[in-house]
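Okay, so here's the structure we're looking at.
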Amino acid sequence: MRPLWLGPALLLLSAADQPILVPDVSQREVEIQYSFTGADLLLFGAIVYPDGRQPKKPADILVVLKGPDQSITIREKQKVAGIWINADTARFRSAPSFYAMASSRPIEQVVDQRTAAIYEMGVEKLQLSPSSLNESAELDRFQAGLIDLRERAGLYVERAGTVEITGGVLYRARLPLSARVIVGDYTAETFLVQDGRVVAAAVRDITIRKSGFEQFMAVAAEQWPFLYGLTAIALAVGMGWAAGAIARRF
């Protein structure tokens with residue numbers, strides 16, 4: 001009968017044989033002001049191999065930056081009697097508000113389809129959790145439409161082959177942060193892949209928040225909605241009156 005400590009000891013030894021990722025990001029907090037036009041985040045770090053021994057075949061790195069999940073309804077417009085109207089709809093429970101991915105090589109050369117789906121590597125592999133009862137073909141069409149819309153808005157980004165690995169141990173990647181991102185908690189995930197298998201992963205948190213006048217307005221709208229509404233109406237009336245007075249004078 002083997003000792004009770006033997007099982008945990010074997011697990012520790014097997015874990016010690018695996019490489020470890022030590023990641024970091026250039027900004028742990030991103031502040032959004034009225035002049036915010038987007039940002040570039042630098043994700044970098046090191047790969048620590050057991051006893052410093054690097055594998056003969058170079059490993060690959062994938063980095064994924066995700067924003068808070070959103071529940072979203074997609075509507076398809078159709079032209080009826082010369083008028084565009086809403087036709088079919090589909091609802092998704094958990095679509096990432098922002099998604100950006102970079103890899104050291106094209107994804108299909110790094111992992112197989114199953115692994116990519118498990119770790120959501122690539123916008124085509126996002127699991128959006130549909131909540132409507134549309135047919136499978138319709139859901140695929142709506143998902144493709146959602147991805148297309150967010151790619152054009154700069155909210156879904158893929159940059160294959162842009163992760164730089166130096167000396168087999170240091171890596172770095174830049175991911176663009178759109179000016180349209182929402183505030184909230186974001187995650188920067190790093191995956192180390194060897195022979196098509198994820199052998200290590202690590203996560204760093206990033207917070208995006210409003211600051212300055214934008215933060216004041218957001219807090220006012222949340223904590224004093226009645227006064228905020230009255231102030232907005234007063235400003236609108238005042239600006240309308242001023243514009244009319246200027247127009248009459250000139």
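Identifiers for the structure tokens are assigned positionally: chains receive A, B, ... in sequence, residues are indexed from 1 per chain, and ligands are indexed from 1 in the order shown.
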
* To do: Please provide as number ranges by chain all residues within 7 Å of region 61-72 of chain A, with the sequence filter that same-chain residues fewer than 3 positions apart are discarded (counting only C-alpha atoms).
  => A: 91-104, 163, 184-193

Export of the given selection (N, CA and C atoms) as a JSON list (two decimals), in the first residue's frame:
[["chain", "number", "residue", "atom", "x", "y", "z"],
["A", 91, "ARG", "N", -30.91, 36.31, -30.49],
["A", 91, "ARG", "CA", -30.38, 36.86, -29.24],
["A", 91, "ARG", "C", -29.26, 35.97, -28.73],
["A", 92, "PHE", "N", -28.16, 36.62, -28.31],
["A", 92, "PHE", "CA", -27.02, 35.91, -27.73],
["A", 92, "PHE", "C", -26.82, 36.38, -26.29],
["A", 93, "ARG", "N", -26.59, 35.43, -25.39],
["A", 93, "ARG", "CA", -26.49, 35.75, -23.97],
["A", 93, "ARG", "C", -25.14, 36.31, -23.57],
["A", 94, "SER", "N", -24.07, 35.88, -24.22],
["A", 94, "SER", "CA", -22.73, 36.24, -23.71],
["A", 94, "SER", "C", -21.76, 36.50, -24.86],
["A", 95, "ALA", "N", -21.96, 37.58, -25.55],
["A", 95, "ALA", "CA", -21.03, 37.99, -26.59],
["A", 95, "ALA", "C", -19.99, 38.93, -25.98],
["A", 96, "PRO", "N", -18.70, 38.67, -26.16],
["A", 96, "PRO", "CA", -17.70, 39.59, -25.61],
["A", 96, "PRO", "C", -17.85, 40.98, -26.22],
["A", 97, "SER", "N", -17.82, 42.00, -25.39],
["A", 97, "SER", "CA", -17.92, 43.37, -25.89],
["A", 97, "SER", "C", -16.68, 43.75, -26.68],
["A", 98, "PHE", "N", -15.56, 43.09, -26.38],
["A", 98, "PHE", "CA", -14.31, 43.33, -27.10],
["A", 98, "PHE", "C", -13.52, 42.04, -27.13],
["A", 99, "TYR", "N", -12.86, 41.78, -28.27],
["A", 99, "TYR", "CA", -12.04, 40.56, -28.40],
["A", 99, "TYR", "C", -10.89, 40.87, -29.34],
["A", 100, "ALA", "N", -9.67, 40.63, -28.88],
["A", 100, "ALA", "CA", -8.50, 40.80, -29.73],
["A", 100, "ALA", "C", -7.55, 39.65, -29.47],
["A", 101, "MET", "N", -6.97, 39.12, -30.54],
["A", 101, "MET", "CA", -6.08, 37.97, -30.41],
["A", 101, "MET", "C", -4.86, 38.16, -31.30],
["A", 102, "ALA", "N", -3.72, 37.75, -30.81],
["A", 102, "ALA", "CA", -2.48, 37.74, -31.59],
["A", 102, "ALA", "C", -1.79, 36.40, -31.36],
["A", 103, "SER", "N", -1.08, 35.94, -32.37],
["A", 103, "SER", "CA", -0.41, 34.65, -32.27],
["A", 103, "SER", "C", 0.94, 34.73, -32.99],
["A", 104, "SER", "N", 1.81, 33.81, -32.63],
["A", 104, "SER", "CA", 3.14, 33.79, -33.25],
["A", 104, "SER", "C", 3.10, 33.23, -34.67],
["A", 163, "VAL", "N", 3.03, 37.98, -32.81],
["A", 163, "VAL", "CA", 3.70, 37.81, -31.52],
["A", 163, "VAL", "C", 5.19, 37.54, -31.78],
["A", 184, "GLY", "N", -15.11, 48.54, -17.74],
["A", 184, "GLY", "CA", -15.30, 47.26, -17.07],
["A", 184, "GLY", "C", -13.97, 46.54, -16.87],
["A", 185, "ASP", "N", -14.07, 45.28, -16.47],
["A", 185, "ASP", "CA", -12.89, 44.45, -16.23],
["A", 185, "ASP", "C", -12.59, 43.59, -17.45],
["A", 186, "TYR", "N", -11.35, 43.67, -17.92],
["A", 186, "TYR", "CA", -10.89, 42.92, -19.09],
["A", 186, "TYR", "C", -9.87, 41.88, -18.63],
["A", 187, "THR", "N", -9.70, 40.84, -19.42],
["A", 187, "THR", "CA", -8.71, 39.81, -19.11],
["A", 187, "THR", "C", -7.76, 39.65, -20.29],
["A", 188, "ALA", "N", -6.47, 39.57, -19.98],
["A", 188, "ALA", "CA", -5.44, 39.30, -20.98],
["A", 188, "ALA", "C", -4.90, 37.90, -20.71],
["A", 189, "GLU", "N", -5.25, 36.95, -21.59],
["A", 189, "GLU", "CA", -4.86, 35.56, -21.42],
["A", 189, "GLU", "C", -3.68, 35.25, -22.35],
["A", 190, "THR", "N", -2.72, 34.52, -21.83],
["A", 190, "THR", "CA", -1.57, 34.08, -22.62],
["A", 190, "THR", "C", -1.53, 32.56, -22.61],
["A", 191, "PHE", "N", -1.35, 31.97, -23.79],
["A", 191, "PHE", "CA", -1.29, 30.51, -23.92],
["A", 191, "PHE", "C", 0.05, 30.12, -24.54],
["A", 192, "LEU", "N", 0.68, 29.12, -23.95],
["A", 192, "LEU", "CA", 1.89, 28.53, -24.50],
["A", 192, "LEU", "C", 1.52, 27.20, -25.14],
["A", 193, "VAL", "N", 1.83, 27.04, -26.41],
["A", 193, "VAL", "CA", 1.42, 25.85, -27.17],
["A", 193, "VAL", "C", 2.66, 25.13, -27.69]]

* **In region 93-232 of chain A, DSSP helix (DSSP H, G or I) residues written as a VMD selection string** => chain A and resid 107 to 110 113 to 118 123 to 125 136 to 152 213 to 223 225 to 232

Would you export the selected residues with C-alpha atoms as an mmCIF file, in the first residue's frame, please?
data_model
loop_
_atom_site.group_PDB
_atom_site.id
_atom_site.type_symbol
_atom_site.label_atom_id
_atom_site.label_comp_id
_atom_site.auth_asym_id
_atom_site.auth_seq_id
_atom_site.Cartn_x
_atom_site.Cartn_y
_atom_site.Cartn_z
ATOM 1 C CA ILE A 107 -3.849 29.660 -35.753
ATOM 2 C CA GLU A 108 -4.403 26.718 -38.077
ATOM 3 C CA GLN A 109 -0.662 26.048 -37.908
ATOM 4 C CA VAL A 110 -0.602 26.224 -34.101
ATOM 5 C CA GLN A 113 -10.017 23.051 -34.580
ATOM 6 C CA ARG A 114 -11.016 21.312 -31.339
ATOM 7 C CA THR A 115 -8.374 23.043 -29.219
ATOM 8 C CA ALA A 116 -9.172 26.405 -30.818
ATOM 9 C CA ALA A 117 -12.850 25.924 -29.933
ATOM 10 C CA ILE A 118 -12.116 24.917 -26.326
ATOM 11 C CA VAL A 123 -13.387 35.196 -33.436
ATOM 12 C CA GLU A 124 -14.868 32.287 -35.388
ATOM 13 C CA LYS A 125 -14.515 30.111 -32.274
ATOM 14 C CA SER A 136 -28.772 26.336 -36.668
ATOM 15 C CA ALA A 137 -28.237 27.856 -40.108
ATOM 16 C CA GLU A 138 -29.925 31.095 -39.019
ATOM 17 C CA LEU A 139 -27.816 31.309 -35.863
ATOM 18 C CA ASP A 140 -24.645 30.832 -37.898
ATOM 19 C CA ARG A 141 -25.746 33.664 -40.190
ATOM 20 C CA PHE A 142 -26.517 35.988 -37.291
ATOM 21 C CA GLN A 143 -23.248 35.119 -35.538
ATOM 22 C CA ALA A 144 -21.329 35.885 -38.725
ATOM 23 C CA GLY A 145 -23.211 39.185 -38.982
ATOM 24 C CA LEU A 146 -22.379 40.116 -35.383
ATOM 25 C CA ILE A 147 -18.703 39.319 -35.900
ATOM 26 C CA ASP A 148 -18.638 41.348 -39.120
ATOM 27 C CA LEU A 149 -20.229 44.383 -37.437
ATOM 28 C CA ARG A 150 -17.788 44.313 -34.535
ATOM 29 C CA GLU A 151 -14.782 43.740 -36.762
ATOM 30 C CA ARG A 152 -15.703 46.836 -38.765
ATOM 31 C CA PHE A 213 -15.685 64.952 -16.786
ATOM 32 C CA GLU A 214 -16.845 61.637 -18.307
ATOM 33 C CA GLN A 215 -16.565 59.942 -14.922
ATOM 34 C CA PHE A 216 -18.465 62.780 -13.235
ATOM 35 C CA MET A 217 -21.290 62.535 -15.781
ATOM 36 C CA ALA A 218 -21.490 58.748 -15.436
ATOM 37 C CA VAL A 219 -21.626 58.957 -11.627
ATOM 38 C CA ALA A 220 -24.228 61.746 -11.774
ATOM 39 C CA ALA A 221 -26.442 59.774 -14.159
ATOM 40 C CA GLU A 222 -26.263 56.711 -11.887
ATOM 41 C CA GLN A 223 -26.596 58.306 -8.461
ATOM 42 C CA PRO A 225 -30.818 60.450 -12.280
ATOM 43 C CA PHE A 226 -33.611 62.985 -11.621
ATOM 44 C CA LEU A 227 -31.259 65.968 -11.273
ATOM 45 C CA TYR A 228 -29.196 64.669 -14.187
ATOM 46 C CA GLY A 229 -32.297 64.586 -16.401
ATOM 47 C CA LEU A 230 -33.389 68.103 -15.360
ATOM 48 C CA THR A 231 -29.910 69.450 -16.018
ATOM 49 C CA ALA A 232 -29.788 67.807 -19.457
#

* Within 7 Å of Val183 (chain A) using only C-alpha atoms, minus same-chain residues under 3 positions, as a ChimeraX atom specification -> /A:208-210

Filtering to N, CA, C and O atoms, could you give me those residues as a PDB file, in the first residue's frame?
ATOM      1  N   ILE A 208     -10.706  49.095 -17.335  1.00  0.00           N
ATOM      2  CA  ILE A 208     -10.949  50.278 -18.164  1.00  0.00           C
ATOM      3  C   ILE A 208     -12.038  51.092 -17.478  1.00  0.00           C
ATOM      4  O   ILE A 208     -13.131  50.584 -17.196  1.00  0.00           O
ATOM      5  N   ARG A 209     -11.735  52.345 -17.197  1.00  0.00           N
ATOM      6  CA  ARG A 209     -12.685  53.187 -16.477  1.00  0.00           C
ATOM      7  C   ARG A 209     -12.674  54.601 -17.037  1.00  0.00           C
ATOM      8  O   ARG A 209     -11.716  55.017 -17.683  1.00  0.00           O
ATOM      9  N   LYS A 210     -13.742  55.300 -16.770  1.00  0.00           N
ATOM     10  CA  LYS A 210     -13.840  56.687 -17.190  1.00  0.00           C
ATOM     11  C   LYS A 210     -13.145  57.576 -16.159  1.00  0.00           C
ATOM     12  O   LYS A 210     -13.057  57.238 -14.982  1.00  0.00           O
TER      13      LYS A 210
END

* Picked from region 16-213 of chain A by DSSP as strand (DSSP E), as a ChimeraX atom specification -> /A:20-25,29-32,39-48,60-66,69-80,83-96,99-103,156-160,164-166,170-177,184-194,197-210

* Determine, counting only C-alpha atoms, which protein, DNA and RNA residues have an atom within 9 Å of an atom of Tyr49 (chain A); residues of the same chain fewer than 2 positions away are not included. Present the result as a PyMOL selection string. => chain A and resi 17-21+47+51-55+169

* Find the residues near Asp24 (chain A): any atom within 7 Å, counting only C-alpha atoms, skip ones fewer than 6 places away on the same chain, and give them as number ranges by chain. => A: 43-45, 204

Keeping only N, CA and C atoms, write those residues as a PDB file, in the first residue's frame.
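Contents of result.pdb, freshly written:
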ATOM      1  N   LEU A  43       1.465  43.394 -24.508  1.00  0.00           N
ATOM      2  CA  LEU A  43       1.447  42.193 -23.675  1.00  0.00           C
ATOM      3  C   LEU A  43       2.787  41.501 -23.839  1.00  0.00           C
ATOM      4  N   PHE A  44       3.477  41.290 -22.741  1.00  0.00           N
ATOM      5  CA  PHE A  44       4.821  40.736 -22.813  1.00  0.00           C
ATOM      6  C   PHE A  44       5.055  39.797 -21.638  1.00  0.00           C
ATOM      7  N   GLY A  45       6.153  39.086 -21.688  1.00  0.00           N
ATOM      8  CA  GLY A  45       6.464  38.190 -20.586  1.00  0.00           C
ATOM      9  C   GLY A  45       7.572  37.222 -20.949  1.00  0.00           C
ATOM     10  N   ARG A 204      -3.831  38.024 -16.841  1.00  0.00           N
ATOM     11  CA  ARG A 204      -3.641  39.304 -16.176  1.00  0.00           C
ATOM     12  C   ARG A 204      -4.912  40.128 -16.359  1.00  0.00           C
TER      13      ARG A 204
END

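Candidate residues A:Ser178, A:Ser129, A:Gln194, A:Thr207 were compared for distance to Gly38 (chain A), and the nearest is A:Ser178, using only C-alpha atoms.
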
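CA of Met121 (chain A) lies 16.0 Å from CA of Asp195 (chain A).
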
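Take CA of Ala160 (chain A) and CA of Gly122 (chain A): the distance between them is 9.5 Å.
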